[in-house]
Amino acid sequence: MKKTSMALGSGGARGLAHIGILRALQDSGDYQISSIAGSSIGALVGGLYAAGKMDDYADWVSELSLGEIWKLLDFSYSRVGLFKGDRIMDRLAELVGDTQIDDLNMPFSAVATDIQKREEVWITQGSMFEAIRASIAIPGFFTPVRRNGRLLVDGGLLSPLPMTPLLYHDAEFNVVVSLNGNAHQPEPKKPVPDEAADPQDEPSNKLLQWFQQTRQSLGFENENQSNSNSVVDIFAQSVEAMQDRIARYQLAAFEPDLLIEVPVDACGILDFHRGKEMIDLGYELTQQALKNKG
């Protein structure tokens with residue numbers, strides 16, 4: 001088997017396709033994943049894989065409904081982020097445990113962004129929890145992470161395709177996964193019904209009610225219709241445009257042995273309730289990419 005190094009890109013919920021991609025490479029029997037670099041959602045999935053916890057995470061996220069996702073979001077009521085991310089990360093911490101990157105059986109790099117120095121940061125030591133938390137800190141959504149005197153936010157801001165760390169990994173084969181591939185035109189999908197909040201949980205119930213009332217303005221009310229003027233859609237398109245341009249420059253400088261591209265319109269960046277669908281898509285795309293490579 002070929003010793004294979006993975007660069008797992010950023011792109012929100014589309015990154016759940018990373019799970020299917022890693023599984024497909026394993027199942028092929030030709031590739032031994034020996035090192036991983038991940039940015040944002042790529043750091044989350046890649047870190048869990050390196051820690052041997054990816055399947056547990058996949059089982060959890062495959063069952064999440066939109067209502068359950070909303071209940072996991074905790075408002076920070078601060079000027080630095082809409083959500084603290086503690087509820088989500090507490091659940092992830094349960095999966096990862098007290099894992100230290102130094103103790104993994106493979107090199108792992110979580111890419112974050114030093115927002116003050118405007119530079120890319122590779123986290124290759126210390127707490128896996130802290131590394132993932134920094135790499136997924138989407139500016140404006142989740143509060144930044146302070147680490148070693150740095151203020152860290154989402155790695156996809158400067159490095160949507162974390163390929164440079166692969167140059168320092170001892171591998172025979174490099175696989176890069178981009179979550180900003182060319183758009184396709186999938187069949188319209190039926191809206192996924194929300195799961196009702198626990199009637200005993202009054203705060204969550206009120207938050208969910210408010211969320212449902214604002215779904216239309218945010219662009220979630222009709223998922224199979226274009227919402228090009230919604231707040232979330234404008235934010236998502238802005239991020240995707242920026243990441244697409246940076247990713248093009250990164251690919252021009254680094255040619256991987258295998259590039260797997262997840263269509264940018266496969267799902268929205270916040271559509272984590274479509275986990276199983278994205279995992280299956282990643283598996284199928286990898287099978288096709290391997291077949292095309294011959």
# chains A, B, ... in the order shown; residues from 1 in each chain; ligands from 1

$ residues_around --residues "A:Tyr57" --least-positions-apart "4" --cutoff "9 Å" --atoms "only C-alpha atoms" --output "ChimeraX atom specification"
/A:45,48,53,61-62,92,95

$ select_by_dssp --residues "stretch 42-167 of chain A" --states "alpha helix (DSSP H)" --output "PyMOL selection string"
chain A and resi 42-50+54-62+66-72+86-96+128-135

$ write_last_selection --atoms "C-alpha atoms" --output "JSON list (two decimals), in the first residue's frame"
[["chain", "number", "residue", "atom", "x", "y", "z"],
["A", 42, "GLY", "CA", -10.84, 19.39, 7.41],
["A", 43, "ALA", "CA", -8.98, 19.73, 10.71],
["A", 44, "LEU", "CA", -12.03, 18.50, 12.59],
["A", 45, "VAL", "CA", -12.55, 15.37, 10.49],
["A", 46, "GLY", "CA", -8.84, 14.78, 10.00],
["A", 47, "GLY", "CA", -8.12, 15.13, 13.70],
["A", 48, "LEU", "CA", -10.87, 12.70, 14.62],
["A", 49, "TYR", "CA", -9.58, 10.23, 12.04],
["A", 50, "ALA", "CA", -6.03, 10.47, 13.37],
["A", 54, "MET", "CA", -14.00, 9.43, 13.12],
["A", 55, "ASP", "CA", -16.57, 6.64, 12.95],
["A", 56, "ASP", "CA", -18.08, 7.68, 16.27],
["A", 57, "TYR", "CA", -18.38, 11.23, 14.98],
["A", 58, "ALA", "CA", -19.87, 10.03, 11.68],
["A", 59, "ASP", "CA", -22.55, 8.04, 13.53],
["A", 60, "TRP", "CA", -23.46, 11.12, 15.58],
["A", 61, "VAL", "CA", -23.52, 13.66, 12.78],
["A", 62, "SER", "CA", -25.46, 11.34, 10.45],
["A", 66, "LEU", "CA", -31.74, 20.84, 11.97],
["A", 67, "GLY", "CA", -33.46, 21.34, 15.31],
["A", 68, "GLU", "CA", -30.74, 19.44, 17.17],
["A", 69, "ILE", "CA", -28.03, 21.47, 15.47],
["A", 70, "TRP", "CA", -29.73, 24.67, 16.54],
["A", 71, "LYS", "CA", -29.89, 23.50, 20.15],
["A", 72, "LEU", "CA", -26.12, 22.92, 20.06],
["A", 86, "ASP", "CA", -18.85, 25.35, 23.76],
["A", 87, "ARG", "CA", -21.80, 22.96, 23.34],
["A", 88, "ILE", "CA", -20.52, 21.67, 20.02],
["A", 89, "MET", "CA", -16.97, 21.40, 21.23],
["A", 90, "ASP", "CA", -18.03, 19.77, 24.50],
["A", 91, "ARG", "CA", -19.61, 17.01, 22.42],
["A", 92, "LEU", "CA", -16.50, 16.74, 20.26],
["A", 93, "ALA", "CA", -14.33, 16.70, 23.37],
["A", 94, "GLU", "CA", -16.27, 13.66, 24.54],
["A", 95, "LEU", "CA", -15.31, 11.95, 21.31],
["A", 96, "VAL", "CA", -11.68, 13.04, 21.24],
["A", 128, "MET", "CA", -6.26, 18.05, 19.79],
["A", 129, "PHE", "CA", -9.34, 19.73, 21.21],
["A", 130, "GLU", "CA", -7.66, 23.13, 21.21],
["A", 131, "ALA", "CA", -6.25, 22.63, 17.71],
["A", 132, "ILE", "CA", -9.65, 21.77, 16.24],
["A", 133, "ARG", "CA", -11.37, 24.54, 18.16],
["A", 134, "ALA", "CA", -8.96, 27.13, 16.72],
["A", 135, "SER", "CA", -9.14, 25.83, 13.16]]

$ closest_residue --among "A:Val262, A:Leu22, A:Ser5, A:Ser65" --to "A:Lys276" --atoms "only C-alpha atoms"
A:Ser65

$ closest_residue --among "A:Gly52, A:Gly282, A:Pro256, A:Gly12" --to "A:Leu166" --atoms "only C-alpha atoms"
A:Pro256

$ closest_atom_pairs --of "stretch 62-178 of chain A" --to "stretch 235-249 of chain A" --cutoff "9 Å" --atoms "only C-alpha atoms" --output "tab-separated table"
residue	atom	partner	partner_atom	distance
A:Gly156	CA	A:Gln243	CA	7.0
A:Leu157	CA	A:Gln243	CA	7.2
A:Leu158	CA	A:Ile246	CA	7.4
A:Ser159	CA	A:Ile246	CA	7.2
A:Pro160	CA	A:Gln243	CA	5.8
A:Leu161	CA	A:Ala247	CA	6.0
A:Ser178	CA	A:Ala247	CA	8.1

$ write_last_selection --atoms "N, CA, C and O atoms" --output "mmCIF file, in the first residue's frame"
data_model
loop_
_atom_site.group_PDB
_atom_site.id
_atom_site.type_symbol
_atom_site.label_atom_id
_atom_site.label_comp_id
_atom_site.auth_asym_id
_atom_site.auth_seq_id
_atom_site.Cartn_x
_atom_site.Cartn_y
_atom_site.Cartn_z
ATOM 1 N N GLY A 156 -9.383 28.267 7.116
ATOM 2 C CA GLY A 156 -9.768 28.466 5.722
ATOM 3 C C GLY A 156 -9.678 29.904 5.266
ATOM 4 O O GLY A 156 -9.729 30.180 4.071
ATOM 5 N N LEU A 157 -9.500 30.820 6.196
ATOM 6 C CA LEU A 157 -9.399 32.225 5.848
ATOM 7 C C LEU A 157 -8.186 32.496 4.970
ATOM 8 O O LEU A 157 -8.250 33.289 4.026
ATOM 9 N N LEU A 158 -7.064 31.826 5.276
ATOM 10 C CA LEU A 158 -5.843 32.012 4.493
ATOM 11 C C LEU A 158 -5.397 30.758 3.762
ATOM 12 O O LEU A 158 -4.617 30.838 2.811
ATOM 13 N N SER A 159 -5.889 29.590 4.199
ATOM 14 C CA SER A 159 -5.432 28.341 3.587
ATOM 15 C C SER A 159 -6.575 27.341 3.459
ATOM 16 O O SER A 159 -6.662 26.381 4.229
ATOM 17 N N PRO A 160 -7.466 27.537 2.470
ATOM 18 C CA PRO A 160 -8.579 26.602 2.294
ATOM 19 C C PRO A 160 -8.118 25.211 1.868
ATOM 20 O O PRO A 160 -8.827 24.231 2.092
ATOM 21 N N LEU A 161 -6.933 25.120 1.270
ATOM 22 C CA LEU A 161 -6.347 23.824 0.922
ATOM 23 C C LEU A 161 -4.992 23.720 1.626
ATOM 24 O O LEU A 161 -3.997 24.250 1.128
ATOM 25 N N SER A 178 -10.644 19.319 -2.165
ATOM 26 C CA SER A 178 -11.196 20.675 -2.245
ATOM 27 C C SER A 178 -12.709 20.608 -2.089
ATOM 28 O O SER A 178 -13.375 19.782 -2.719
#

$ closest_residue --among "A:Asp114, A:Asp280, A:Glu63, A:Glu120" --to "A:Arg150" --atoms "only C-alpha atoms"
A:Asp114

$ decode --residues "stretch 43-57 of chain A" --atoms "all heavy atoms" --output "PDB file, in the first residue's frame"
ATOM      1  N   ALA A  43      -9.719  20.009   9.478  1.00  0.00           N
ATOM      2  CA  ALA A  43      -8.978  19.729  10.712  1.00  0.00           C
ATOM      3  C   ALA A  43      -9.827  18.922  11.673  1.00  0.00           C
ATOM      4  O   ALA A  43      -9.331  18.029  12.370  1.00  0.00           O
ATOM      5  CB  ALA A  43      -8.538  21.037  11.367  1.00  0.00           C
ATOM      6  N   LEU A  44     -11.127  19.219  11.698  1.00  0.00           N
ATOM      7  CA  LEU A  44     -12.030  18.502  12.592  1.00  0.00           C
ATOM      8  C   LEU A  44     -12.112  17.022  12.199  1.00  0.00           C
ATOM      9  O   LEU A  44     -11.861  16.134  13.018  1.00  0.00           O
ATOM     10  CB  LEU A  44     -13.410  19.150  12.548  1.00  0.00           C
ATOM     11  CG  LEU A  44     -14.452  18.714  13.589  1.00  0.00           C
ATOM     12  CD1 LEU A  44     -15.511  19.797  13.740  1.00  0.00           C
ATOM     13  CD2 LEU A  44     -15.114  17.402  13.219  1.00  0.00           C
ATOM     14  N   VAL A  45     -12.423  16.761  10.934  1.00  0.00           N
ATOM     15  CA  VAL A  45     -12.554  15.366  10.485  1.00  0.00           C
ATOM     16  C   VAL A  45     -11.199  14.670  10.504  1.00  0.00           C
ATOM     17  O   VAL A  45     -11.074  13.522  10.953  1.00  0.00           O
ATOM     18  CB  VAL A  45     -13.176  15.308   9.075  1.00  0.00           C
ATOM     19  CG1 VAL A  45     -13.163  13.871   8.548  1.00  0.00           C
ATOM     20  CG2 VAL A  45     -14.600  15.849   9.087  1.00  0.00           C
ATOM     21  N   GLY A  46     -10.162  15.372  10.030  1.00  0.00           N
ATOM     22  CA  GLY A  46      -8.838  14.776   9.998  1.00  0.00           C
ATOM     23  C   GLY A  46      -8.308  14.459  11.381  1.00  0.00           C
ATOM     24  O   GLY A  46      -7.686  13.421  11.604  1.00  0.00           O
ATOM     25  N   GLY A  47      -8.568  15.361  12.335  1.00  0.00           N
ATOM     26  CA  GLY A  47      -8.124  15.128  13.699  1.00  0.00           C
ATOM     27  C   GLY A  47      -8.819  13.939  14.326  1.00  0.00           C
ATOM     28  O   GLY A  47      -8.193  13.124  15.020  1.00  0.00           O
ATOM     29  N   LEU A  48     -10.121  13.832  14.086  1.00  0.00           N
ATOM     30  CA  LEU A  48     -10.869  12.703  14.623  1.00  0.00           C
ATOM     31  C   LEU A  48     -10.415  11.392  13.989  1.00  0.00           C
ATOM     32  O   LEU A  48     -10.337  10.358  14.658  1.00  0.00           O
ATOM     33  CB  LEU A  48     -12.369  12.914  14.393  1.00  0.00           C
ATOM     34  CG  LEU A  48     -13.010  14.016  15.248  1.00  0.00           C
ATOM     35  CD1 LEU A  48     -14.418  14.323  14.756  1.00  0.00           C
ATOM     36  CD2 LEU A  48     -13.042  13.607  16.716  1.00  0.00           C
ATOM     37  N   TYR A  49     -10.091  11.429  12.702  1.00  0.00           N
ATOM     38  CA  TYR A  49      -9.584  10.230  12.038  1.00  0.00           C
ATOM     39  C   TYR A  49      -8.247   9.805  12.662  1.00  0.00           C
ATOM     40  O   TYR A  49      -8.045   8.628  12.993  1.00  0.00           O
ATOM     41  CB  TYR A  49      -9.393  10.482  10.543  1.00  0.00           C
ATOM     42  CG  TYR A  49      -8.828   9.287   9.807  1.00  0.00           C
ATOM     43  CD1 TYR A  49      -9.662   8.305   9.280  1.00  0.00           C
ATOM     44  CD2 TYR A  49      -7.448   9.128   9.663  1.00  0.00           C
ATOM     45  CE1 TYR A  49      -9.145   7.200   8.626  1.00  0.00           C
ATOM     46  CE2 TYR A  49      -6.919   8.025   9.018  1.00  0.00           C
ATOM     47  CZ  TYR A  49      -7.771   7.063   8.499  1.00  0.00           C
ATOM     48  OH  TYR A  49      -7.244   5.963   7.860  1.00  0.00           O
ATOM     49  N   ALA A  50      -7.357  10.779  12.823  1.00  0.00           N
ATOM     50  CA  ALA A  50      -6.033  10.474  13.367  1.00  0.00           C
ATOM     51  C   ALA A  50      -6.128   9.943  14.791  1.00  0.00           C
ATOM     52  O   ALA A  50      -5.297   9.143  15.222  1.00  0.00           O
ATOM     53  CB  ALA A  50      -5.149  11.725  13.319  1.00  0.00           C
ATOM     54  N   ALA A  51      -7.169  10.391  15.503  1.00  0.00           N
ATOM     55  CA  ALA A  51      -7.365   9.940  16.887  1.00  0.00           C
ATOM     56  C   ALA A  51      -8.160   8.643  16.967  1.00  0.00           C
ATOM     57  O   ALA A  51      -8.415   8.136  18.065  1.00  0.00           O
ATOM     58  CB  ALA A  51      -8.073  11.031  17.686  1.00  0.00           C
ATOM     59  N   GLY A  52      -8.573   8.117  15.831  1.00  0.00           N
ATOM     60  CA  GLY A  52      -9.350   6.875  15.815  1.00  0.00           C
ATOM     61  C   GLY A  52     -10.788   7.046  16.230  1.00  0.00           C
ATOM     62  O   GLY A  52     -11.443   6.086  16.644  1.00  0.00           O
ATOM     63  N   LYS A  53     -11.321   8.269  16.105  1.00  0.00           N
ATOM     64  CA  LYS A  53     -12.671   8.569  16.568  1.00  0.00           C
ATOM     65  C   LYS A  53     -13.623   9.000  15.448  1.00  0.00           C
ATOM     66  O   LYS A  53     -14.742   9.422  15.726  1.00  0.00           O
ATOM     67  CB  LYS A  53     -12.622   9.675  17.620  1.00  0.00           C
ATOM     68  CG  LYS A  53     -11.768   9.349  18.837  1.00  0.00           C
ATOM     69  CD  LYS A  53     -12.368   8.233  19.678  1.00  0.00           C
ATOM     70  CE  LYS A  53     -11.595   8.021  20.958  1.00  0.00           C
ATOM     71  NZ  LYS A  53     -12.219   6.991  21.819  1.00  0.00           N
ATOM     72  N   MET A  54     -13.185   8.906  14.213  1.00  0.00           N
ATOM     73  CA  MET A  54     -13.999   9.427  13.117  1.00  0.00           C
ATOM     74  C   MET A  54     -15.331   8.704  12.968  1.00  0.00           C
ATOM     75  O   MET A  54     -16.364   9.317  12.704  1.00  0.00           O
ATOM     76  CB  MET A  54     -13.230   9.368  11.798  1.00  0.00           C
ATOM     77  CG  MET A  54     -13.952  10.074  10.642  1.00  0.00           C
ATOM     78  SD  MET A  54     -13.111   9.869   9.056  1.00  0.00           S
ATOM     79  CE  MET A  54     -13.521   8.147   8.673  1.00  0.00           C
ATOM     80  N   ASP A  55     -15.334   7.400  13.136  1.00  0.00           N
ATOM     81  CA  ASP A  55     -16.572   6.636  12.950  1.00  0.00           C
ATOM     82  C   ASP A  55     -17.613   7.003  14.001  1.00  0.00           C
ATOM     83  O   ASP A  55     -18.810   7.069  13.709  1.00  0.00           O
ATOM     84  CB  ASP A  55     -16.289   5.132  12.974  1.00  0.00           C
ATOM     85  CG  ASP A  55     -15.562   4.659  11.725  1.00  0.00           C
ATOM     86  OD1 ASP A  55     -15.596   5.383  10.702  1.00  0.00           O
ATOM     87  OD2 ASP A  55     -14.959   3.572  11.765  1.00  0.00           O
ATOM     88  N   ASP A  56     -17.156   7.246  15.225  1.00  0.00           N
ATOM     89  CA  ASP A  56     -18.081   7.676  16.273  1.00  0.00           C
ATOM     90  C   ASP A  56     -18.702   9.018  15.911  1.00  0.00           C
ATOM     91  O   ASP A  56     -19.902   9.240  16.099  1.00  0.00           O
ATOM     92  CB  ASP A  56     -17.354   7.793  17.612  1.00  0.00           C
ATOM     93  CG  ASP A  56     -16.891   6.450  18.143  1.00  0.00           C
ATOM     94  OD1 ASP A  56     -17.488   5.429  17.750  1.00  0.00           O
ATOM     95  OD2 ASP A  56     -15.936   6.420  18.941  1.00  0.00           O
ATOM     96  N   TYR A  57     -17.885   9.917  15.396  1.00  0.00           N
ATOM     97  CA  TYR A  57     -18.375  11.235  14.977  1.00  0.00           C
ATOM     98  C   TYR A  57     -19.349  11.092  13.809  1.00  0.00           C
ATOM     99  O   TYR A  57     -20.394  11.746  13.769  1.00  0.00           O
ATOM    100  CB  TYR A  57     -17.201  12.124  14.582  1.00  0.00           C
ATOM    101  CG  TYR A  57     -17.616  13.455  13.999  1.00  0.00           C
ATOM    102  CD1 TYR A  57     -18.158  14.457  14.807  1.00  0.00           C
ATOM    103  CD2 TYR A  57     -17.469  13.721  12.636  1.00  0.00           C
ATOM    104  CE1 TYR A  57     -18.535  15.679  14.270  1.00  0.00           C
ATOM    105  CE2 TYR A  57     -17.842  14.936  12.097  1.00  0.00           C
ATOM    106  CZ  TYR A  57     -18.371  15.914  12.918  1.00  0.00           C
ATOM    107  OH  TYR A  57     -18.749  17.116  12.379  1.00  0.00           O
TER     108      TYR A  57
END
